[in-house]
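Structure file my_file.cif with mmCIF, C-alpha atoms and all ligand atoms:
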```cif
data_structure
loop_
_atom_site.label_atom_id
_atom_site.label_comp_id
_atom_site.auth_asym_id
_atom_site.auth_seq_id
_atom_site.Cartn_x
_atom_site.Cartn_y
_atom_site.Cartn_z
CA MET A 1 37.39 -80.04 -68.95
CA LYS A 2 37.57 -77.61 -71.81
CA ARG A 3 39.19 -78.80 -75.00
CA ILE A 4 40.24 -76.86 -78.05
CA VAL A 5 41.88 -79.03 -80.66
CA THR A 6 43.12 -77.44 -83.84
CA THR A 7 42.70 -79.93 -86.66
CA THR A 8 44.04 -77.79 -89.46
CA VAL A 9 47.14 -76.28 -87.93
CA ALA A 10 50.09 -78.03 -86.37
CA GLY A 11 50.82 -76.98 -82.82
CA ALA A 12 47.38 -77.57 -81.48
CA LEU A 13 46.31 -77.33 -77.89
CA ILE A 14 44.72 -80.30 -76.23
CA ALA A 15 43.59 -80.18 -72.65
CA GLY A 16 45.95 -77.31 -72.04
CA PHE A 17 49.07 -79.05 -73.41
CA ALA A 18 50.72 -77.79 -76.57
CA TRP A 19 51.00 -80.37 -79.33
CA ALA A 20 53.36 -79.96 -82.21
CA GLY A 21 53.39 -81.87 -85.47
CA VAL A 22 50.47 -84.13 -86.15
CA PRO A 23 47.05 -82.55 -86.47
CA ALA A 24 45.22 -83.46 -83.30
CA ARG A 25 41.83 -85.08 -83.20
CA ASP A 26 39.72 -86.11 -80.29
CA ALA A 27 37.09 -88.74 -80.98
CA GLN A 28 34.86 -87.33 -78.27
CA ALA A 29 34.93 -83.73 -79.42
CA ALA A 30 32.69 -81.90 -81.87
CA GLU A 31 34.61 -80.70 -84.88
CA ILE A 32 33.43 -77.34 -86.15
CA LYS A 33 34.38 -75.83 -89.49
CA TRP A 34 33.61 -72.22 -90.40
CA TYR A 35 33.12 -71.22 -94.04
CA GLY A 36 32.75 -67.49 -93.32
CA GLN A 37 29.57 -65.46 -92.63
CA ALA A 38 27.16 -67.74 -90.68
CA ALA A 39 28.05 -71.03 -92.42
CA PHE A 40 29.30 -73.85 -90.19
CA ARG A 41 29.70 -77.62 -90.40
CA ILE A 42 29.48 -79.47 -87.11
CA LYS A 43 30.69 -83.07 -86.93
CA THR A 44 29.20 -84.44 -83.74
CA PRO A 45 30.97 -86.79 -81.32
CA GLY A 46 28.69 -89.58 -82.56
CA GLY A 47 29.56 -89.02 -86.22
CA LYS A 48 26.54 -87.04 -87.41
CA VAL A 49 27.10 -83.99 -89.62
CA ILE A 50 25.06 -80.80 -89.29
CA VAL A 51 25.52 -77.83 -91.64
CA ILE A 52 24.09 -74.45 -90.68
CA ASP A 53 23.38 -71.65 -93.21
CA PRO A 54 25.40 -73.09 -96.12
CA PHE A 55 26.33 -69.88 -97.96
CA ILE A 56 29.45 -71.30 -99.58
CA THR A 57 29.84 -71.14 -103.37
CA LYS A 58 29.12 -67.40 -103.53
CA ASN A 59 30.58 -66.53 -100.14
CA PRO A 60 33.46 -64.08 -100.71
CA LYS A 61 35.17 -65.31 -97.53
CA THR A 62 35.03 -69.05 -98.24
CA PRO A 63 38.46 -70.25 -99.42
CA ALA A 64 38.47 -71.48 -103.04
CA ALA A 65 39.34 -75.00 -101.89
CA ASP A 66 36.16 -75.16 -99.81
CA LYS A 67 33.75 -73.90 -102.48
CA ASP A 68 33.40 -77.39 -103.94
CA LEU A 69 30.26 -78.61 -102.16
CA SER A 70 31.18 -82.25 -102.70
CA LYS A 71 34.09 -81.75 -100.28
CA ILE A 72 31.63 -81.26 -97.44
CA GLY A 73 31.01 -85.01 -97.55
CA LYS A 74 28.03 -86.61 -95.90
CA VAL A 75 25.48 -84.31 -94.32
CA ASP A 76 22.68 -85.53 -92.06
CA LEU A 77 20.98 -82.20 -91.37
CA ILE A 78 21.02 -78.71 -92.84
CA LEU A 79 19.59 -75.96 -90.64
CA VAL A 80 18.67 -72.60 -92.14
CA THR A 81 18.17 -69.61 -89.83
CA HIS A 82 16.28 -67.40 -92.31
CA GLY A 83 15.61 -66.75 -95.97
CA HIS A 84 18.32 -64.24 -96.93
CA GLY A 85 20.77 -65.29 -99.61
CA ASP A 86 23.80 -65.24 -97.31
CA HIS A 87 22.12 -67.96 -95.21
CA LEU A 88 19.84 -69.98 -97.49
CA GLY A 89 22.79 -69.94 -99.90
CA ASP A 90 23.53 -73.41 -101.30
CA THR A 91 20.85 -75.21 -99.28
CA GLY A 92 19.00 -76.58 -102.32
CA LYS A 93 22.10 -77.90 -104.07
CA LEU A 94 23.62 -79.34 -100.89
CA ALA A 95 20.35 -81.04 -99.96
CA GLU A 96 20.13 -82.57 -103.42
CA MET A 97 23.74 -83.78 -103.34
CA THR A 98 23.65 -85.25 -99.84
CA GLY A 99 20.02 -86.24 -99.23
CA ALA A 100 20.25 -84.39 -95.91
CA LYS A 101 17.20 -83.40 -93.95
CA VAL A 102 16.58 -79.65 -94.08
CA GLY A 103 15.33 -78.01 -90.88
CA VAL A 104 13.60 -74.68 -91.38
CA ASN A 105 10.72 -72.70 -89.94
CA ALA A 106 7.41 -74.14 -91.03
CA ASP A 107 6.52 -71.28 -93.36
CA MET A 108 9.85 -71.23 -95.15
CA GLY A 109 9.43 -74.97 -95.61
CA HIS A 110 6.35 -74.40 -97.75
CA THR A 111 8.17 -71.79 -99.82
CA LEU A 112 11.19 -74.05 -100.40
CA ARG A 113 8.90 -76.91 -101.46
CA ILE A 114 6.69 -74.84 -103.76
CA LEU A 115 9.67 -73.17 -105.45
CA GLY A 116 11.28 -76.59 -105.92
CA ILE A 117 14.37 -75.65 -103.88
CA VAL A 118 14.10 -78.56 -101.42
CA ASP A 119 12.29 -81.88 -101.91
CA LYS A 120 9.30 -82.33 -99.60
CA LYS A 121 10.69 -85.64 -98.29
CA GLN A 122 13.77 -83.92 -96.91
CA LEU A 123 12.04 -80.99 -95.22
CA VAL A 124 11.72 -80.86 -91.44
CA ARG A 125 9.29 -78.03 -90.81
CA PHE A 126 9.13 -76.89 -87.20
CA ASN A 127 8.90 -73.73 -85.18
CA LYS A 128 10.40 -71.75 -82.34
CA SER A 129 10.57 -73.81 -79.17
CA GLY A 130 10.31 -77.39 -80.39
CA PRO A 131 12.60 -79.07 -79.40
CA ILE A 132 12.96 -81.84 -81.97
CA ASN A 133 15.25 -84.81 -82.62
CA PRO A 134 15.42 -84.91 -86.42
CA ILE A 135 18.51 -87.13 -86.72
CA GLY A 136 18.13 -89.51 -83.81
CA PRO A 137 17.28 -89.30 -80.12
CA ASP A 138 20.74 -88.22 -78.96
CA ILE A 139 20.80 -84.84 -80.71
CA THR A 140 18.25 -82.18 -79.83
CA VAL A 141 17.56 -79.12 -81.95
CA THR A 142 15.62 -76.15 -80.61
CA MET A 143 14.61 -73.17 -82.73
CA THR A 144 14.99 -69.85 -80.93
CA HIS A 145 13.87 -66.30 -81.44
CA ALA A 146 15.98 -63.93 -83.56
CA GLU A 147 15.47 -60.21 -84.02
CA HIS A 148 15.74 -59.95 -87.80
CA SER A 149 13.78 -60.47 -91.07
CA SER A 150 13.52 -63.40 -93.46
CA GLU A 151 12.16 -62.85 -96.97
CA ILE A 152 13.43 -65.00 -99.84
CA VAL A 153 14.52 -63.47 -103.14
CA HIS A 154 14.43 -66.21 -105.77
CA LYS A 155 15.16 -66.11 -109.48
CA GLY A 156 12.67 -68.17 -111.45
CA PRO A 157 13.32 -70.14 -114.66
CA ASP A 158 12.46 -66.98 -116.66
CA GLY A 159 15.34 -65.16 -114.92
CA LYS A 160 12.98 -62.81 -113.12
CA GLU A 161 13.39 -62.24 -109.39
CA GLY A 162 10.47 -62.69 -107.05
CA ILE A 163 10.07 -62.13 -103.31
CA TYR A 164 8.66 -65.04 -101.28
CA PRO A 165 7.76 -65.58 -97.60
CA GLY A 166 10.65 -66.84 -95.50
CA GLY A 167 8.71 -67.14 -92.26
CA GLU A 168 10.25 -65.98 -89.00
CA PRO A 169 14.00 -65.55 -88.60
CA ALA A 170 15.50 -67.89 -86.03
CA GLY A 171 18.55 -69.17 -84.19
CA TYR A 172 19.26 -72.77 -83.17
CA VAL A 173 20.34 -74.48 -79.98
CA ILE A 174 21.90 -77.86 -80.71
CA LYS A 175 22.58 -80.31 -77.89
CA LEU A 176 25.02 -83.00 -79.00
CA GLU A 177 25.29 -86.63 -77.90
CA ASP A 178 27.67 -85.80 -75.03
CA GLY A 179 25.55 -82.89 -73.81
CA TYR A 180 27.79 -80.23 -75.34
CA THR A 181 25.43 -77.42 -76.34
CA ILE A 182 25.94 -74.98 -79.19
CA TYR A 183 23.79 -71.89 -79.84
CA HIS A 184 23.92 -70.40 -83.35
CA THR A 185 22.33 -66.98 -82.96
CA GLY A 186 21.41 -66.57 -86.62
CA ASP A 187 21.26 -62.94 -87.67
CA THR A 188 19.89 -61.05 -84.72
CA GLY A 189 19.95 -57.92 -82.68
CA VAL A 190 20.39 -58.35 -78.96
CA PHE A 191 17.14 -59.28 -77.19
CA LYS A 192 16.36 -59.74 -73.52
CA ASP A 193 15.05 -63.29 -73.93
CA MET A 194 18.61 -64.43 -74.62
CA GLU A 195 18.45 -64.81 -70.82
CA LEU A 196 15.81 -67.47 -71.37
CA ILE A 197 18.11 -69.32 -73.76
CA ASN A 198 20.79 -69.29 -71.07
CA ASP A 199 18.36 -70.44 -68.36
CA LEU A 200 16.87 -73.27 -70.40
CA TYR A 201 19.82 -74.60 -72.40
CA LYS A 202 23.07 -73.33 -70.83
CA PRO A 203 24.97 -73.18 -74.12
CA ASP A 204 28.65 -74.03 -73.82
CA LEU A 205 29.50 -72.37 -77.11
CA VAL A 206 27.74 -69.50 -78.88
CA LEU A 207 28.29 -68.78 -82.58
CA ILE A 208 27.50 -65.08 -82.42
CA SER A 209 26.88 -62.38 -85.03
CA ILE A 210 29.10 -59.33 -84.47
CA GLY A 211 29.29 -57.50 -87.82
CA GLY A 212 26.67 -54.85 -87.09
CA TRP A 213 24.34 -53.09 -89.58
CA PHE A 214 21.98 -56.10 -89.95
CA THR A 215 22.85 -57.76 -86.64
CA MET A 216 24.49 -57.11 -83.29
CA ASP A 217 27.69 -55.11 -83.46
CA PRO A 218 30.58 -55.89 -81.07
CA ALA A 219 29.16 -53.71 -78.28
CA HIS A 220 25.73 -55.36 -78.48
CA ALA A 221 27.29 -58.81 -78.75
CA ALA A 222 29.45 -58.10 -75.68
CA TYR A 223 26.30 -57.12 -73.77
CA ALA A 224 24.53 -60.30 -74.90
CA ILE A 225 27.50 -62.44 -73.85
CA THR A 226 28.19 -60.75 -70.52
CA ARG A 227 24.72 -59.97 -69.24
CA LEU A 228 22.42 -62.49 -70.93
CA LEU A 229 24.03 -65.63 -72.35
CA LYS A 230 27.15 -66.08 -70.17
CA PRO A 231 28.59 -68.97 -72.22
CA LYS A 232 32.02 -70.52 -71.69
CA MET A 233 33.08 -69.69 -75.22
CA VAL A 234 32.01 -67.76 -78.32
CA ILE A 235 33.03 -67.85 -81.97
CA PRO A 236 32.41 -64.49 -83.70
CA MET A 237 30.67 -64.74 -87.09
CA HIS A 238 28.84 -62.59 -89.66
CA PHE A 239 31.54 -59.92 -89.94
CA GLY A 240 33.85 -58.69 -92.71
CA THR A 241 32.03 -60.52 -95.53
CA PHE A 242 30.57 -57.36 -97.02
CA PRO A 243 31.62 -53.70 -96.43
CA PRO A 244 28.82 -52.76 -93.96
CA LEU A 245 29.71 -55.65 -91.60
CA LYS A 246 32.47 -53.68 -89.89
CA GLY A 247 32.49 -55.32 -86.43
CA THR A 248 35.68 -57.16 -85.58
CA PRO A 249 36.66 -59.84 -83.04
CA GLU A 250 39.22 -57.36 -81.65
CA ALA A 251 36.46 -54.86 -80.90
CA LEU A 252 34.37 -57.63 -79.31
CA LYS A 253 37.29 -58.60 -77.07
CA LYS A 254 37.80 -54.97 -76.04
CA TYR A 255 34.15 -54.60 -74.97
CA LEU A 256 34.21 -57.95 -73.18
CA THR A 257 37.31 -56.94 -71.22
CA GLU A 258 35.67 -53.62 -70.28
CA MET A 259 32.59 -55.49 -69.06
CA GLY A 260 34.62 -57.97 -67.02
CA SER A 261 33.49 -60.96 -69.06
CA LYS A 262 34.87 -64.43 -68.31
CA THR A 263 33.85 -65.82 -71.72
CA GLU A 264 36.63 -67.02 -73.98
CA VAL A 265 36.63 -65.79 -77.60
CA THR A 266 37.81 -68.27 -80.23
CA VAL A 267 38.50 -66.45 -83.48
CA MET A 268 38.32 -68.77 -86.48
CA GLN A 269 39.47 -68.13 -90.03
CA PRO A 270 37.18 -69.08 -92.94
CA GLY A 271 38.01 -72.65 -93.91
CA GLU A 272 39.41 -73.48 -90.49
CA GLU A 273 38.22 -76.45 -88.45
CA LYS A 274 38.62 -76.90 -84.70
CA ALA A 275 37.39 -79.35 -82.12
CA PHE A 276 35.32 -78.30 -79.15
CA GLY A 277 34.02 -80.16 -76.14
CA LYS A 278 33.36 -80.00 -72.44
ZN ZN B 301 23.08 -62.39 -92.89
#
```
Would you mind writing the structure in this file as structure tokens?
Ligand SMILES: [Zn+2]
Amino acid sequence: MKRIVTTTVAGALIAGFAWAGVPARDAQAAEIKWYGQAAFRIKTPGGKVIVIDPFITKNPKTPAADKDLSKIGKVDLILVTHGHGDHLGDTGKLAEMTGAKVGVNADMGHTLRILGIVDKKQLVRFNKSGPINPIGPDITVTMTHAEHSSEIVHKGPDGKEGIYPGGEPAGYVIKLEDGYTIYHTGDTGVFKDMELINDLYKPDLVLISIGGWFTMDPAHAAYAITRLLKPKMVIPMHFGTFPPLKGTPEALKKYLTEMGSKTEVTVMQPGEEKAFGK
């Protein structure tokens, strides 16, 4: 059964029934918070915390109340899709504060270590395919293809900027303890092997880039959803943060309707947290 439980707004829906008053929580559900752009925190049904692409303190869409990294609380795993600043973001600081493991492509791992951004002991260097179980046997993380780029621009102690290798851009498929499967596309154009991701992992929920310019726009995202990925639900991301990212959830919904899609679109606001599960 599908569950959507709003934890930040009264009047939540649980199992199809409207709740009013108390914020609803479901111990079995994954709680997902969006910070804007591609930054998410996933609290798993078993109590683990995974943060993806923590671009928070300088994210124009992150509410002021959420820019304090200490409010994120414990973090078991940070996953970074690629080296651009709106994804690598606060990874170094958050890793230092929380002691979390940091999952990145193997090449970016070397760069983060050599530049002193992430301690070697915390790095989990892997590559597309995997899969791996970096925070216990019940959660599986698979790195996927993404059609993008990944260099790292880093300012050294002398204040000068340098460009460093960020390895291959990626997305992540995360299978939680209860089997609920989330695919974070990373920044990507549409690519035919999204079919493979559907065949192999059957994601229930896709966190999908729709802003255009650097990634899929709403029309491309609608194609990916309808023809390739066919998930039960999507959350649009990577739109509206900067002027070129003009794609909107409304445009995505229009294209999905035109294509006869059965996928549900859950539009989140930056700072909002909702619960998701089978
Ligand atoms: Zn980006």
Closest-contact table, chain A side, partner ligand ZN 301 (chain B), 7 Å, counting only C-alpha atoms and all ligand atoms, as a tab-separated table:
```
residue	atom	partner	partner_atom	distance
A:His84	CA	B:ZN301	ZN	6.5
A:Asp86	CA	B:ZN301	ZN	5.3
A:His87	CA	B:ZN301	ZN	6.1
A:Asp187	CA	B:ZN301	ZN	5.6
A:His238	CA	B:ZN301	ZN	6.6
```
Which residue out of A:Gly85, A:Pro244, A:Pro63, A:Gly167 has the minimum interatomic distance to Ala38 of chain A when all atoms listed in the file are used?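 Of A:Gly85, A:Pro244, A:Pro63, A:Gly167, the one nearest Ala38 of chain A, counting all atoms listed in the file, is A:Gly85.
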Residue among A:Ala39, A:Met233, A:Val141, A:Ile50 lying closest to Lys67 of chain A, counting only C-alpha atoms: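 Checking each of A:Ala39, A:Met233, A:Val141, A:Ile50 against Lys67 of chain A, counting only C-alpha atoms, the winner is A:Ala39.
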Please provide the set of residues having any atom within 6 Å of segment 94-100 of chain A, restricted to only C-alpha atoms, with same-chain residues fewer than 4 positions apart removed, written as JSON, numbers by chain. {"A": [75, 76, 77, 90]}
Hey, can you spit out that residue selection with C-alpha atoms as a compact mmCIF listing (two decimals), in the frame of the given file?
```txt
# COMPACT_ATOMS: atom_id res chain seq x y z
CA VAL A 75 25.48 -84.31 -94.32
CA ASP A 76 22.68 -85.53 -92.06
CA LEU A 77 20.98 -82.20 -91.37
CA ASP A 90 23.53 -73.41 -101.30
```
What residues have an atom no more than 12 Å from (30.6, -71.9, -98.8) in the file's own frame, counting all atoms listed in the file, and can you write them as a PDB file with C-alpha atoms, keeping the file's coordinate frame?
```pdb
ATOM      1  CA  LYS A  33      34.380 -75.830 -89.490  1.00  0.00           C
ATOM      2  CA  TRP A  34      33.610 -72.220 -90.400  1.00  0.00           C
ATOM      3  CA  TYR A  35      33.120 -71.220 -94.040  1.00  0.00           C
ATOM      4  CA  GLY A  36      32.750 -67.490 -93.320  1.00  0.00           C
ATOM      5  CA  GLN A  37      29.570 -65.460 -92.630  1.00  0.00           C
ATOM      6  CA  ALA A  38      27.160 -67.740 -90.680  1.00  0.00           C
ATOM      7  CA  ALA A  39      28.050 -71.030 -92.420  1.00  0.00           C
ATOM      8  CA  PHE A  40      29.300 -73.850 -90.190  1.00  0.00           C
ATOM      9  CA  ARG A  41      29.700 -77.620 -90.400  1.00  0.00           C
ATOM     10  CA  VAL A  51      25.520 -77.830 -91.640  1.00  0.00           C
ATOM     11  CA  ILE A  52      24.090 -74.450 -90.680  1.00  0.00           C
ATOM     12  CA  ASP A  53      23.380 -71.650 -93.210  1.00  0.00           C
ATOM     13  CA  PRO A  54      25.400 -73.090 -96.120  1.00  0.00           C
ATOM     14  CA  PHE A  55      26.330 -69.880 -97.960  1.00  0.00           C
ATOM     15  CA  ILE A  56      29.450 -71.300 -99.580  1.00  0.00           C
ATOM     16  CA  THR A  57      29.840 -71.140-103.370  1.00  0.00           C
ATOM     17  CA  LYS A  58      29.120 -67.400-103.530  1.00  0.00           C
ATOM     18  CA  ASN A  59      30.580 -66.530-100.140  1.00  0.00           C
ATOM     19  CA  PRO A  60      33.460 -64.080-100.710  1.00  0.00           C
ATOM     20  CA  LYS A  61      35.170 -65.310 -97.530  1.00  0.00           C
ATOM     21  CA  THR A  62      35.030 -69.050 -98.240  1.00  0.00           C
ATOM     22  CA  PRO A  63      38.460 -70.250 -99.420  1.00  0.00           C
ATOM     23  CA  ALA A  64      38.470 -71.480-103.040  1.00  0.00           C
ATOM     24  CA  ALA A  65      39.340 -75.000-101.890  1.00  0.00           C
ATOM     25  CA  ASP A  66      36.160 -75.160 -99.810  1.00  0.00           C
ATOM     26  CA  LYS A  67      33.750 -73.900-102.480  1.00  0.00           C
ATOM     27  CA  ASP A  68      33.400 -77.390-103.940  1.00  0.00           C
ATOM     28  CA  LEU A  69      30.260 -78.610-102.160  1.00  0.00           C
ATOM     29  CA  SER A  70      31.180 -82.250-102.700  1.00  0.00           C
ATOM     30  CA  LYS A  71      34.090 -81.750-100.280  1.00  0.00           C
ATOM     31  CA  ILE A  72      31.630 -81.260 -97.440  1.00  0.00           C
ATOM     32  CA  GLY A  85      20.770 -65.290 -99.610  1.00  0.00           C
ATOM     33  CA  ASP A  86      23.800 -65.240 -97.310  1.00  0.00           C
ATOM     34  CA  HIS A  87      22.120 -67.960 -95.210  1.00  0.00           C
ATOM     35  CA  LEU A  88      19.840 -69.980 -97.490  1.00  0.00           C
ATOM     36  CA  GLY A  89      22.790 -69.940 -99.900  1.00  0.00           C
ATOM     37  CA  ASP A  90      23.530 -73.410-101.300  1.00  0.00           C
ATOM     38  CA  THR A  91      20.850 -75.210 -99.280  1.00  0.00           C
ATOM     39  CA  LYS A  93      22.100 -77.900-104.070  1.00  0.00           C
ATOM     40  CA  LEU A  94      23.620 -79.340-100.890  1.00  0.00           C
ATOM     41  CA  THR A 241      32.030 -60.520 -95.530  1.00  0.00           C
ATOM     42  CA  PRO A 270      37.180 -69.080 -92.940  1.00  0.00           C
ATOM     43  CA  GLY A 271      38.010 -72.650 -93.910  1.00  0.00           C
TER      44      GLY A 271
END
```
Just to confirm, what's the straight-line distance from atom CA of Leu200 of chain A to atom CA of Glu147 of chain A in Å (one decimal)?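 For atom CA of Leu200 of chain A relative to atom CA of Glu147 of chain A, the distance reads 18.9 Å.
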Any chance you could tabulate, as a Markdown table, the residues of segment 28-127 of chain A at most 7 Å from segment 168-184 of chain A with each one's nearest atom pair and distance in Å to one decimal, using all atoms listed in the file, in chain and rising number order?
```
| residue | atom | partner | partner_atom | distance |
| --- | --- | --- | --- | --- |
| A:Thr44 | CA | A:Leu176 | CA | 6.5 |
| A:Pro45 | CA | A:Glu177 | CA | 6.6 |
| A:Gly46 | CA | A:Glu177 | CA | 6.5 |
| A:Thr81 | CA | A:Ala170 | CA | 5.0 |
| A:His82 | CA | A:Pro169 | CA | 4.7 |
| A:Asn105 | CA | A:Glu168 | CA | 6.8 |
```
Show me the residues close to (22.4, -62.4, -76.8) - anything with an atom within 6 Å, counting only C-alpha atoms - and format the list as a list in words.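 Result, sorted by chain then residue number: Val190, Met194, Ala224, Ile225, Leu228 and Leu229 of chain A.
Taking atom CA of Leu123 of chain A as the reference point, atom CA of Leu205 of chain A is found at 26.6 Å.
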Record the distance separating atom CA of Ile78 of chain A and atom CA of Val124 of chain A, expressed in Å with one decimal. 9.6 Å
Would you place a box with edges along x, y and z of the file around all atoms of segment 185-199 of chain A listed there, add 8 Å to each of its six sides, and report the centre and edge lengths in Å to one decimal, as lines of an AutoDock Vina configuration file?
```
center_x = 18.7
center_y = -64.2
center_z = -78.0
size_x = 23.3
size_y = 28.5
size_z = 35.3
```
Would you kindly return, as an MDAnalysis selection string, each protein, DNA or RNA residue with an atom no farther than 7 Å from any atom of Val234 of chain A, considering only C-alpha atoms and excluding same-chain residues fewer than 2 positions away? chainID A and resid 205:208 236 264:266
Considering all atoms listed in the file, tabulate each residue of segment 137-162 of chain A that lies at most 10 Å from segment 107-114 of chain A along with its nearest interatomic pair and the corresponding distance in Å to one decimal; arrange the rows by chain and ascending residue number and present them as JSON lines.
```
{"residue": "A:Ser150", "atom": "CA", "partner": "A:Met108", "partner_atom": "CA", "distance": 8.8}
{"residue": "A:Glu151", "atom": "CA", "partner": "A:Met108", "partner_atom": "CA", "distance": 8.9}
{"residue": "A:Ile152", "atom": "CA", "partner": "A:Met108", "partner_atom": "CA", "distance": 8.6}
```
